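A.B. asks: My questions all concern the structure below.
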Amino acid sequence: MSSKKSNKTSLSQTDTIVTNALLVLALIASSFIIMIAVFITAQGILPLISNNRGLGSVNLWHFLTDTVWLRGDYFVSTVYGAGFLIVNTLYIALLTVLLSFPVGVLTALFIARIAPRPIAAAMRTIIELLASVPSIVFGLVGVGLFLPLIYNLARSLGFNSAGGYSVLGTVFVLALMSIPTITAVAEVSIRQVDESLAQAALALGATPTQTNFKIVLLAAKSGIFSGAILAVGRSLGEATAVALVSGTARSGPSFGLFQTTATITSTLLQGLKETVGIDYDIRFTLGILLMIVILLTNAALNFVKRKVGNQDA
Amino acid sequence: MRKTRLSDRLLQISTILSTLVSIIGLGLIFQFVFARGLSLLSIDLFTSNYYGHNYIAELKPYEETTYTMPDFDDEDVYVIERYGLALRQGTDLAGNGVVEVEYVHPDSPFNTMFSAEVGVDTVDMDANNIIDRISYVDHPTSLSRRGAQVMASELNDPERVINQVFFADLGGGIRGSLITTLWLIFMTLLMALPMGVLTAVYFNEFAPVNILTKTMRTFIETLTGVPSIIYGLLGISVFVPLTVTLTPAVNTNLIAGSMTLAVIILPIIIRTTEESLRVVPQDHRAASLALGANKTQTTFKVVLPQATQGILTSTFLAIGRIIGESAALIFVLGAIVRDRVSIFEQSTSLAVHIWSMMTDEPANIALSSTIALLILAVVLILNVSIKLSVYLFEKRGKQ
């Protein structure tokens with residue numbers, strides 16, 4: 001009897017030990033985001049506050065507003081400017097979502113409400129698969145397929161394009177990458193719309209198309225918007241595919257569709273040749289900038305989502 | 001009424017058009033990768049080096065015989081029965097004429113030769129090697145620029161005794177990147193899988209409902225939205241210095257790459273595992289506890305085994321992410337293709353191999369597409385495996 005009791009206490013001790021051990025693991029797992037924030041901020045803020053081994057510090061205001069990436073020589077000058085990168089990044093994300101959002105949502109509508117069941121199931125699988133295609137593959141297809149097309153298109157329209165490396169190419173690649181994300185999320189939220197809503201609309205004499213567009217899409221608005229926010233986040237943070245097709249411009253901003261361009265991520269990825277010095281440290285400053293741009297954009301879009309959602313709810 | 005119908009029609013058409021645009025646009029990706037990549041796909045690709053190599057070799061002592069050769073129905077192929085060798089007049093990637101080895105008989109003296117280089121004993125000549133020149137004792141050398149036909153007829157001349165063979169393999173293989181990718185998958189899963197599964201167990205089975213738990217969950221969820229390039233920065237600022245201090249590594253390396261990937265896939269593993277833990281019926285826990293098992297035993301012997309399918313799914317998802325990751329690895333692993341892979345050194349995964357070739361001048365789109373084809377095939381297989389495992393487990397559950 002007594003042995004059994006002692007056994008039981010030792011078992012509950014095991015529970016305590018295991019719980020604490022698991023807590024430590026969970027704490028480590030959740031500390032990585034802090035690690036990212038702390039280490040990148042610490043290293044990224046250095047060029048702004050230190051004198052960069054005698055070169056002088058980077059002027060923050062100049063960094064945020066200038067239209068040329070670097071005035072002067074690498075590892076000598078500290079006159080960095082990323083203002084045009086911010087504008088380019090947001091401009092490209094905007095064009096991307098303008099292109100991919102309607103296509104993605106309408107595709108979702110087709111899959112969820114119009115397509116016969118076997119076709120819908122097949123398309124759902126295809127979209128799921130495409131959402132998991134790595135970005136480097138999109139970049140490769142962009143270079144091999146879109147750039148020559150854009151180059152020829154620009155030539156036939158009388159524009160100059162640097163081998164097709166352009167805003168348009170970047171937007172095409174990013175839009176293609178975003179469509180599966182937008183479609184997948186929108187499709188789920190369209191299917192979740194209460195069928196009685198659609199039935200009621202049909203009973204009142206609305207055509208199926210009117211029902212789909214005026215009732216179902218509106219009811220699924222919030223979910224559809226979430227998908228768009230996800231897609232915008234992905235476009236803002238995408239690096240390799242963009243770096244391959246953007247043309248990595250050194251100044252800007254580039255608004256013309258056939259102009260070469262550069263985003264925060266593509267600049268971050270380029271020319272990481274040395275592992276010390278100002279031109280290396282400044283990448284971390286760009287990293288901070290990228291995180292801030294993404295956070296602010298997300299916050300703004302979520303704000304819009306809440307506003308739009310409230311009005312009709 | 002008429003106006004409504006027209007707008008209906010327009011909306012219908014736009015829906016169908018959009019669907020077509022999605023399907024065609026996305027179909028183009030597969031079409032492109034297949035069309036450009038399929039021609040280079042072969043077993044040699046997986047087993048050979050990326051960088052070409054020149055060899056100098058001498059024949060081992062051999063008996064003169066006449067080899068029975070397969071029939072080559074090709075006017076560019078020249079057979080040398082005396083050595084069991086067939087040569088082809090071909091062209092290299094730059095369009096220059098070269099003498100390619102078409103076939104080496106298994107018993108041919110060319111199959112295993114003494115190497116004339118320091119530190120290497122024997123070399124093999126394989127199909128697809130390029131013969132540069134063959135020198136003879138007391139006879140002028142056969143040069144590749146005079147073509148395969150001349151070289152074959154000179155080799156067939158019984159007067160000539162071979163002194164040395166100068167040949168090369170062209171490279172262009174992906175063996176190094178393949179090994180790196182396998183290493184990355186292995187080491188990343190080794191780190192992330194136990195940690196992710198145990199963290200999920202903690203959240204679902206042990207964690208109290210309080211602010212700390214909620215904060216930890218939020219922090220882990222936030223990781224999902226971080227772009228991979230930011231993980232790359234984390235890697236070079238934390239994991240690379242860490243591995244340089246603790247291991248023989250001096251620069252970006254495979255271990256640091258795996259650590260970075262482990263952080264990237266951690267939220268995926270935690271989320272997927274937790275989802276499958278959540279559907280384990282509460283009755284099972286209660287029954288186990290009622291039988292006298294403690295919480296730890298219940299969790300690890302009753303609950304966790306039922307989450308096997310979720311853990312498997314998360315593993316497949318993680319492998320897909322590891323294979324496709326490029327931006328973070330360019331920072332943490334480097335972008336220099338290596339034939340000899342060491343976990344303490346730089347190398348490239350398959351995805352980064354594409355990046356290296358695409359940023360080269362000129363870009364090698366053909367080989368890049370072949371690698372992309374390989375990546376797509378693996379991603380496809382992983383997706384199908386996930387569906388299959390879900391299906392099989394559901395079927396077993398019903399029985």
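The way I read the labels, and the way they are meant: chains A, B, ... in the order of the structure tokens, residue 1 as the first residue of every chain, and ligand 1 as the first ligand shown, with later ones counted on from there.
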Could you give me, as CSV, every chain A residue with an atom at most 6 Å from chain B, plus its closest atom pair and distance in Å to one decimal, counting only C-alpha atoms, rows ordered by chain then number?
C.D. replies:
```
residue,atom,partner,partner_atom,distance
A:Asp15,CA,B:Thr296,CA,5.5
A:Leu22,CA,B:Tyr202,CA,5.7
A:Ala26,CA,B:Thr199,CA,4.9
A:Ser30,CA,B:Ile220,CA,5.1
A:Ile36,CA,B:Leu234,CA,5.6
A:Val103,CA,B:Ser18,CA,4.7
A:Leu106,CA,B:Thr15,CA,5.1
A:Thr107,CA,B:Thr19,CA,4.5
A:Pro134,CA,B:Gly324,CA,4.7
A:Val137,CA,B:Ala372,CA,5.9
A:Thr209,CA,B:Asp8,CA,5.8
A:Gly237,CA,B:Pro227,CA,4.9
A:Thr240,CA,B:Ala327,CA,5.7
```
A.B. asks: Could you name the residues that touch A:Ile182 at 8 Å or less, counting only C-alpha atoms, but leaving out those on the same chain fewer than 5 positions away, as a list in words?
C.D. replies: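 Residues near the query, excluding close chain neighbours: Ser100, Phe101, Gly104, Val105, Ile224, Gly227, Ala228, Leu230 and Ala231 of chain A.
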A.B. asks: Please produce a file of the residues just selected, as a PDB file, in the first residue's frame, where the atoms kept are N, CA and C atoms.
C.D. replies:
```
ATOM      1  N   SER A 100      -3.970  40.319 -59.538  1.00  0.00           N
ATOM      2  CA  SER A 100      -4.247  38.956 -59.076  1.00  0.00           C
ATOM      3  C   SER A 100      -5.555  38.844 -58.299  1.00  0.00           C
ATOM      4  N   PHE A 101      -5.986  39.935 -57.652  1.00  0.00           N
ATOM      5  CA  PHE A 101      -7.182  39.849 -56.822  1.00  0.00           C
ATOM      6  C   PHE A 101      -8.440  39.487 -57.617  1.00  0.00           C
ATOM      7  N   GLY A 104      -8.035  35.946 -59.073  1.00  0.00           N
ATOM      8  CA  GLY A 104      -8.055  34.932 -58.019  1.00  0.00           C
ATOM      9  C   GLY A 104      -9.440  34.725 -57.443  1.00  0.00           C
ATOM     10  N   VAL A 105     -10.127  35.837 -57.157  1.00  0.00           N
ATOM     11  CA  VAL A 105     -11.443  35.728 -56.531  1.00  0.00           C
ATOM     12  C   VAL A 105     -12.457  35.107 -57.491  1.00  0.00           C
ATOM     13  N   ILE A 224     -12.336  36.748 -48.063  1.00  0.00           N
ATOM     14  CA  ILE A 224     -11.654  37.084 -49.311  1.00  0.00           C
ATOM     15  C   ILE A 224     -10.584  38.135 -49.059  1.00  0.00           C
ATOM     16  N   GLY A 227      -7.443  36.728 -47.531  1.00  0.00           N
ATOM     17  CA  GLY A 227      -6.581  36.110 -48.532  1.00  0.00           C
ATOM     18  C   GLY A 227      -5.745  37.149 -49.253  1.00  0.00           C
ATOM     19  N   ALA A 228      -6.378  38.289 -49.570  1.00  0.00           N
ATOM     20  CA  ALA A 228      -5.650  39.359 -50.256  1.00  0.00           C
ATOM     21  C   ALA A 228      -4.532  39.902 -49.369  1.00  0.00           C
ATOM     22  N   LEU A 230      -2.904  38.269 -47.072  1.00  0.00           N
ATOM     23  CA  LEU A 230      -1.847  37.253 -47.102  1.00  0.00           C
ATOM     24  C   LEU A 230      -1.000  37.410 -48.358  1.00  0.00           C
ATOM     25  N   ALA A 231      -1.692  37.578 -49.490  1.00  0.00           N
ATOM     26  CA  ALA A 231      -0.992  37.669 -50.769  1.00  0.00           C
ATOM     27  C   ALA A 231      -0.118  38.921 -50.825  1.00  0.00           C
TER      28      ALA A 231
END
```
A.B. asks: I'd like the contact shell of stretch 161-170 of chain A - 8 Å cut-off, only C-alpha atoms, skipping same-chain residues fewer than 4 positions apart - returned as a compact mmCIF listing (two decimals) with all heavy atoms, in the first residue's frame.
C.D. replies:
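And here's result01.txt as it stands now:
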```
# COMPACT_ATOMS: atom_id res chain seq x y z
N ILE A 92 4.67 48.06 -56.63
CA ILE A 92 4.62 46.74 -57.24
C ILE A 92 3.58 45.86 -56.53
O ILE A 92 2.80 45.15 -57.18
CB ILE A 92 6.02 46.09 -57.23
CG1 ILE A 92 6.87 46.75 -58.30
CG2 ILE A 92 5.94 44.59 -57.45
CD1 ILE A 92 8.30 46.36 -58.29
N GLY A 142 9.75 33.28 -64.91
CA GLY A 142 9.70 34.71 -65.23
C GLY A 142 10.82 35.09 -66.18
O GLY A 142 10.60 35.75 -67.20
N PHE A 146 8.61 35.16 -69.42
CA PHE A 146 8.00 36.49 -69.46
C PHE A 146 8.95 37.56 -70.00
O PHE A 146 8.54 38.43 -70.77
CB PHE A 146 7.53 36.91 -68.07
CG PHE A 146 6.39 36.09 -67.56
CD1 PHE A 146 6.17 35.93 -66.21
CD2 PHE A 146 5.52 35.46 -68.44
CE1 PHE A 146 5.13 35.16 -65.74
CE2 PHE A 146 4.47 34.69 -67.98
CZ PHE A 146 4.28 34.54 -66.63
N LEU A 147 10.21 37.50 -69.58
CA LEU A 147 11.13 38.58 -69.97
C LEU A 147 11.27 38.70 -71.49
O LEU A 147 11.18 39.81 -72.01
CB LEU A 147 12.49 38.42 -69.29
CG LEU A 147 12.48 38.53 -67.76
CD1 LEU A 147 13.90 38.67 -67.22
CD2 LEU A 147 11.64 39.71 -67.28
N PRO A 148 11.45 37.59 -72.22
CA PRO A 148 11.51 37.73 -73.68
C PRO A 148 10.22 38.31 -74.25
O PRO A 148 10.26 39.16 -75.15
CB PRO A 148 11.72 36.30 -74.17
CG PRO A 148 12.30 35.57 -73.01
CD PRO A 148 11.72 36.20 -71.80
N LEU A 149 9.08 37.85 -73.71
CA LEU A 149 7.79 38.37 -74.18
C LEU A 149 7.69 39.87 -73.95
O LEU A 149 7.28 40.63 -74.84
CB LEU A 149 6.65 37.67 -73.45
CG LEU A 149 6.34 36.24 -73.86
CD1 LEU A 149 5.19 35.69 -73.01
CD2 LEU A 149 5.97 36.18 -75.33
N ILE A 150 8.06 40.30 -72.75
CA ILE A 150 7.96 41.72 -72.41
C ILE A 150 8.92 42.54 -73.26
O ILE A 150 8.59 43.64 -73.72
CB ILE A 150 8.22 41.92 -70.91
CG1 ILE A 150 7.06 41.33 -70.12
CG2 ILE A 150 8.40 43.39 -70.56
CD1 ILE A 150 7.31 41.20 -68.65
N TYR A 151 10.10 41.97 -73.48
CA TYR A 151 11.09 42.67 -74.32
C TYR A 151 10.52 42.92 -75.71
O TYR A 151 10.59 44.04 -76.23
CB TYR A 151 12.36 41.83 -74.39
CG TYR A 151 13.42 42.41 -75.28
CD1 TYR A 151 14.14 43.54 -74.89
CD2 TYR A 151 13.71 41.84 -76.52
CE1 TYR A 151 15.10 44.08 -75.70
CE2 TYR A 151 14.68 42.38 -77.34
CZ TYR A 151 15.37 43.51 -76.93
OH TYR A 151 16.33 44.05 -77.74
N ASN A 152 9.91 41.88 -76.29
CA ASN A 152 9.35 42.02 -77.63
C ASN A 152 8.15 42.96 -77.64
O ASN A 152 7.98 43.76 -78.56
CB ASN A 152 8.94 40.65 -78.17
CG ASN A 152 10.15 39.81 -78.51
OD1 ASN A 152 11.18 40.35 -78.88
ND2 ASN A 152 10.03 38.51 -78.34
N ALA A 154 7.60 45.44 -75.57
CA ALA A 154 8.08 46.81 -75.41
C ALA A 154 8.63 47.33 -76.73
O ALA A 154 8.38 48.48 -77.11
CB ALA A 154 9.15 46.87 -74.32
N ARG A 155 9.36 46.45 -77.45
CA ARG A 155 9.94 46.88 -78.71
C ARG A 155 8.87 47.20 -79.74
O ARG A 155 8.94 48.18 -80.46
CB ARG A 155 10.89 45.81 -79.25
CG ARG A 155 12.28 46.41 -79.36
CD ARG A 155 13.25 45.68 -80.17
NE ARG A 155 12.78 44.53 -80.89
CZ ARG A 155 13.62 43.66 -81.41
NH1 ARG A 155 14.90 43.84 -81.24
NH2 ARG A 155 13.17 42.64 -82.08
N LEU A 174 4.86 38.06 -59.59
CA LEU A 174 4.24 38.12 -58.26
C LEU A 174 2.75 37.82 -58.33
O LEU A 174 2.20 37.16 -57.45
CB LEU A 174 4.48 39.49 -57.63
CG LEU A 174 5.90 39.72 -57.12
CD1 LEU A 174 6.03 41.13 -56.56
CD2 LEU A 174 6.27 38.72 -56.04
N VAL A 242 11.75 38.08 -57.35
CA VAL A 242 11.78 39.50 -57.72
C VAL A 242 13.18 39.91 -58.16
O VAL A 242 13.35 40.60 -59.16
CB VAL A 242 11.30 40.35 -56.52
CG1 VAL A 242 11.51 41.83 -56.81
CG2 VAL A 242 9.85 40.07 -56.21
N VAL A 245 13.89 39.02 -61.84
CA VAL A 245 13.20 39.65 -62.96
C VAL A 245 13.15 41.18 -62.90
O VAL A 245 12.74 41.81 -63.86
CB VAL A 245 11.74 39.13 -63.11
CG1 VAL A 245 11.74 37.67 -63.49
CG2 VAL A 245 10.95 39.36 -61.85
N SER A 246 13.56 41.77 -61.75
CA SER A 246 13.33 43.21 -61.60
C SER A 246 14.38 44.06 -62.33
O SER A 246 14.11 45.20 -62.69
CB SER A 246 13.33 43.58 -60.12
OG SER A 246 14.59 43.34 -59.58
N GLY A 247 15.57 43.51 -62.53
CA GLY A 247 16.60 44.30 -63.18
C GLY A 247 17.46 45.07 -62.20
O GLY A 247 18.41 45.74 -62.59
N SER A 254 10.64 53.69 -60.01
CA SER A 254 10.28 53.35 -61.38
C SER A 254 8.78 53.13 -61.47
O SER A 254 8.27 52.18 -60.90
CB SER A 254 10.99 52.08 -61.83
OG SER A 254 12.13 51.84 -61.06
N PHE A 255 8.09 54.04 -62.16
CA PHE A 255 6.64 53.88 -62.32
C PHE A 255 6.28 53.33 -63.69
O PHE A 255 5.25 52.70 -63.86
CB PHE A 255 5.93 55.22 -62.10
CG PHE A 255 6.01 55.68 -60.67
CD1 PHE A 255 6.68 56.84 -60.33
CD2 PHE A 255 5.40 54.93 -59.66
CE1 PHE A 255 6.75 57.26 -59.01
CE2 PHE A 255 5.47 55.34 -58.34
CZ PHE A 255 6.15 56.51 -58.01
N GLY A 256 7.15 53.57 -64.69
CA GLY A 256 6.87 53.06 -66.04
C GLY A 256 6.90 51.54 -66.04
O GLY A 256 7.74 50.93 -65.39
N LEU A 257 5.97 50.94 -66.77
CA LEU A 257 5.85 49.48 -66.73
C LEU A 257 7.05 48.78 -67.32
O LEU A 257 7.37 47.66 -66.96
CB LEU A 257 4.58 49.05 -67.48
CG LEU A 257 3.26 49.35 -66.78
CD1 LEU A 257 2.10 48.80 -67.58
CD2 LEU A 257 3.23 48.80 -65.37
N PHE A 258 7.76 49.45 -68.25
CA PHE A 258 8.89 48.79 -68.90
C PHE A 258 10.23 49.19 -68.30
O PHE A 258 11.29 48.79 -68.78
CB PHE A 258 8.89 49.07 -70.41
CG PHE A 258 7.71 48.46 -71.10
CD1 PHE A 258 6.78 49.26 -71.77
CD2 PHE A 258 7.50 47.09 -71.08
CE1 PHE A 258 5.69 48.70 -72.40
CE2 PHE A 258 6.41 46.52 -71.70
CZ PHE A 258 5.50 47.32 -72.37
N GLN A 259 10.19 50.02 -67.25
CA GLN A 259 11.44 50.43 -66.59
C GLN A 259 11.96 49.31 -65.71
O GLN A 259 11.18 48.53 -65.16
CB GLN A 259 11.18 51.65 -65.71
CG GLN A 259 11.21 52.96 -66.45
CD GLN A 259 10.94 54.10 -65.48
OE1 GLN A 259 9.95 54.09 -64.77
NE2 GLN A 259 11.84 55.06 -65.45
N THR A 260 13.29 49.23 -65.56
CA THR A 260 13.82 48.31 -64.56
C THR A 260 13.48 48.87 -63.19
O THR A 260 13.27 50.06 -63.02
CB THR A 260 15.35 48.17 -64.65
OG1 THR A 260 15.92 49.46 -64.46
CG2 THR A 260 15.77 47.60 -65.98
N THR A 261 13.43 47.98 -62.22
CA THR A 261 13.03 48.42 -60.90
C THR A 261 13.85 47.68 -59.85
O THR A 261 14.70 46.85 -60.18
CB THR A 261 11.52 48.17 -60.70
OG1 THR A 261 11.13 48.70 -59.44
CG2 THR A 261 11.20 46.69 -60.76
```
A.B. asks: Excluding same-chain residues fewer than 3 positions from A:Leu46, what lies within 10 Å of it counting only C-alpha atoms, as a PyMOL selection string?
C.D. replies: chain A and resi 41-43+49-52+57-58+278+281-282+284-285
A.B. asks: Looking only at the backbone, which of the residues in stretch 2-249 of chain A does DSSP tag as strand (DSSP E), as a ChimeraX atom specification?
C.D. replies: /A:70-71,79-80
A.B. asks: Write the residues of the preceding selection, restricted to C-alpha atoms, as a short mmCIF file (atom, residue, chain, number, x, y, z; two decimals), in the first residue's frame.
C.D. replies:
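So part-v8.cif came out as:
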```cif
data_model
loop_
_atom_site.label_atom_id
_atom_site.label_comp_id
_atom_site.auth_asym_id
_atom_site.auth_seq_id
_atom_site.Cartn_x
_atom_site.Cartn_y
_atom_site.Cartn_z
CA LEU A 70 24.30 54.83 -53.04
CA ARG A 71 25.93 58.10 -53.99
CA VAL A 79 25.14 58.23 -48.52
CA TYR A 80 22.57 55.45 -48.82
#
```
A.B. asks: What residues in stretch 55-297 of chain B get the DSSP label alpha helix (DSSP H)? Please answer as a PyMOL selection string.
C.D. replies: chain B and resi 148-156+175-201+211-224+228-234+240-246+254-278+282-290+295-297
A.B. asks: Put those residues in a file: C-alpha atoms, as an mmCIF file, in the first residue's frame.
C.D. replies:
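File produced: out_31.cif:
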```
data_model
loop_
_atom_site.group_PDB
_atom_site.id
_atom_site.type_symbol
_atom_site.label_atom_id
_atom_site.label_comp_id
_atom_site.auth_asym_id
_atom_site.auth_seq_id
_atom_site.Cartn_x
_atom_site.Cartn_y
_atom_site.Cartn_z
ATOM 1 C CA ALA B 148 35.900 11.386 -84.377
ATOM 2 C CA GLN B 149 36.230 9.548 -87.672
ATOM 3 C CA VAL B 150 39.983 10.195 -87.946
ATOM 4 C CA MET B 151 40.537 9.405 -84.278
ATOM 5 C CA ALA B 152 38.604 6.138 -84.588
ATOM 6 C CA SER B 153 40.534 5.034 -87.671
ATOM 7 C CA GLU B 154 43.851 5.848 -85.977
ATOM 8 C CA LEU B 155 42.796 3.887 -82.892
ATOM 9 C CA ASN B 156 41.839 0.950 -85.122
ATOM 10 C CA ARG B 175 25.255 15.546 -57.252
ATOM 11 C CA GLY B 176 26.701 18.100 -54.805
ATOM 12 C CA SER B 177 23.511 20.118 -54.544
ATOM 13 C CA LEU B 178 21.482 16.939 -54.169
ATOM 14 C CA ILE B 179 23.645 15.800 -51.253
ATOM 15 C CA THR B 180 23.433 19.250 -49.670
ATOM 16 C CA THR B 181 19.650 19.203 -49.945
ATOM 17 C CA LEU B 182 19.469 15.759 -48.334
ATOM 18 C CA TRP B 183 21.758 16.941 -45.523
ATOM 19 C CA LEU B 184 19.584 20.011 -45.017
ATOM 20 C CA ILE B 185 16.400 17.928 -44.821
ATOM 21 C CA PHE B 186 17.993 15.480 -42.391
ATOM 22 C CA MET B 187 19.580 18.004 -40.028
ATOM 23 C CA THR B 188 16.667 20.440 -40.106
ATOM 24 C CA LEU B 189 14.126 17.754 -39.267
ATOM 25 C CA LEU B 190 16.459 16.413 -36.575
ATOM 26 C CA MET B 191 16.351 19.806 -34.881
ATOM 27 C CA ALA B 192 12.855 21.042 -35.646
ATOM 28 C CA LEU B 193 10.733 17.893 -35.454
ATOM 29 C CA PRO B 194 11.298 16.977 -31.758
ATOM 30 C CA MET B 195 11.122 20.609 -30.720
ATOM 31 C CA GLY B 196 8.003 21.365 -32.751
ATOM 32 C CA VAL B 197 6.138 18.215 -31.721
ATOM 33 C CA LEU B 198 6.988 18.659 -28.020
ATOM 34 C CA THR B 199 6.013 22.333 -28.135
ATOM 35 C CA ALA B 200 2.689 21.362 -29.695
ATOM 36 C CA VAL B 201 2.237 18.732 -26.967
ATOM 37 C CA ILE B 211 -1.294 35.303 -20.566
ATOM 38 C CA LEU B 212 2.091 33.600 -20.953
ATOM 39 C CA THR B 213 0.620 30.771 -23.035
ATOM 40 C CA LYS B 214 -1.340 33.204 -25.156
ATOM 41 C CA THR B 215 1.721 35.388 -25.742
ATOM 42 C CA MET B 216 3.843 32.395 -26.685
ATOM 43 C CA ARG B 217 1.218 31.250 -29.180
ATOM 44 C CA THR B 218 1.037 34.723 -30.723
ATOM 45 C CA PHE B 219 4.828 34.886 -31.027
ATOM 46 C CA ILE B 220 4.985 31.518 -32.790
ATOM 47 C CA GLU B 221 2.120 32.452 -35.117
ATOM 48 C CA THR B 222 3.895 35.705 -35.996
ATOM 49 C CA LEU B 223 6.845 33.637 -37.272
ATOM 50 C CA THR B 224 4.641 32.343 -40.124
ATOM 51 C CA SER B 228 12.261 34.129 -45.645
ATOM 52 C CA ILE B 229 14.839 36.791 -46.413
ATOM 53 C CA ILE B 230 14.453 38.060 -42.841
ATOM 54 C CA TYR B 231 15.223 34.538 -41.625
ATOM 55 C CA GLY B 232 18.348 34.800 -43.745
ATOM 56 C CA LEU B 233 19.374 37.905 -41.809
ATOM 57 C CA LEU B 234 18.674 36.048 -38.543
ATOM 58 C CA VAL B 240 26.581 31.641 -38.599
ATOM 59 C CA PRO B 241 28.610 33.266 -35.778
ATOM 60 C CA LEU B 242 27.403 30.501 -33.449
ATOM 61 C CA THR B 243 28.535 27.691 -35.737
ATOM 62 C CA VAL B 244 31.807 29.456 -36.521
ATOM 63 C CA THR B 245 32.560 29.558 -32.781
ATOM 64 C CA LEU B 246 31.478 26.010 -31.983
ATOM 65 C CA LEU B 254 25.360 23.815 -43.842
ATOM 66 C CA ILE B 255 24.755 23.565 -40.094
ATOM 67 C CA ALA B 256 23.809 27.249 -39.867
ATOM 68 C CA GLY B 257 21.563 26.726 -42.906
ATOM 69 C CA SER B 258 19.789 23.850 -41.192
ATOM 70 C CA MET B 259 19.335 25.877 -38.008
ATOM 71 C CA THR B 260 17.756 28.713 -39.996
ATOM 72 C CA LEU B 261 15.465 26.283 -41.831
ATOM 73 C CA ALA B 262 14.548 24.714 -38.494
ATOM 74 C CA VAL B 263 13.237 28.086 -37.299
ATOM 75 C CA ILE B 264 11.345 28.524 -40.583
ATOM 76 C CA ILE B 265 9.546 25.169 -40.385
ATOM 77 C CA LEU B 266 8.964 25.240 -36.617
ATOM 78 C CA PRO B 267 5.588 27.036 -36.792
ATOM 79 C CA ILE B 268 4.411 24.637 -39.532
ATOM 80 C CA ILE B 269 5.242 21.592 -37.392
ATOM 81 C CA ILE B 270 3.723 23.075 -34.238
ATOM 82 C CA ARG B 271 0.487 24.075 -35.985
ATOM 83 C CA THR B 272 -0.048 20.824 -37.873
ATOM 84 C CA THR B 273 0.802 18.631 -34.871
ATOM 85 C CA GLU B 274 -1.459 20.644 -32.592
ATOM 86 C CA GLU B 275 -4.346 20.344 -35.038
ATOM 87 C CA SER B 276 -4.063 16.566 -34.948
ATOM 88 C CA LEU B 277 -3.675 16.491 -31.155
ATOM 89 C CA ARG B 278 -6.846 18.532 -30.841
ATOM 90 C CA GLN B 282 -11.105 13.587 -24.690
ATOM 91 C CA ASP B 283 -12.482 10.161 -23.624
ATOM 92 C CA HIS B 284 -9.155 8.515 -24.427
ATOM 93 C CA ARG B 285 -7.332 10.812 -22.039
ATOM 94 C CA ALA B 286 -9.952 10.325 -19.337
ATOM 95 C CA ALA B 287 -9.878 6.540 -19.772
ATOM 96 C CA SER B 288 -6.091 6.451 -19.521
ATOM 97 C CA LEU B 289 -6.075 8.670 -16.434
ATOM 98 C CA ALA B 290 -8.846 6.591 -14.845
ATOM 99 C CA LYS B 295 -0.509 12.829 -17.364
ATOM 100 C CA THR B 296 2.931 12.190 -18.897
ATOM 101 C CA GLN B 297 2.139 8.540 -19.631
#
```
A.B. asks: Got a sec: who's within 6 Å of stretch 121-134 of chain B, counting only C-alpha atoms, leaving out chain neighbours fewer than 4 positions off, as an NGL selection string?
C.D. replies: :B and (99-103 or 111-115 or 141-144 or 164-169)
A.B. asks: Using only C-alpha atoms, find the one residue out of A:Ala108, A:Leu129, A:Ala82, A:Ile229 that sits nearest to A:Phe303.
C.D. replies: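 For A:Phe303, the nearest of the candidates is A:Ile229.
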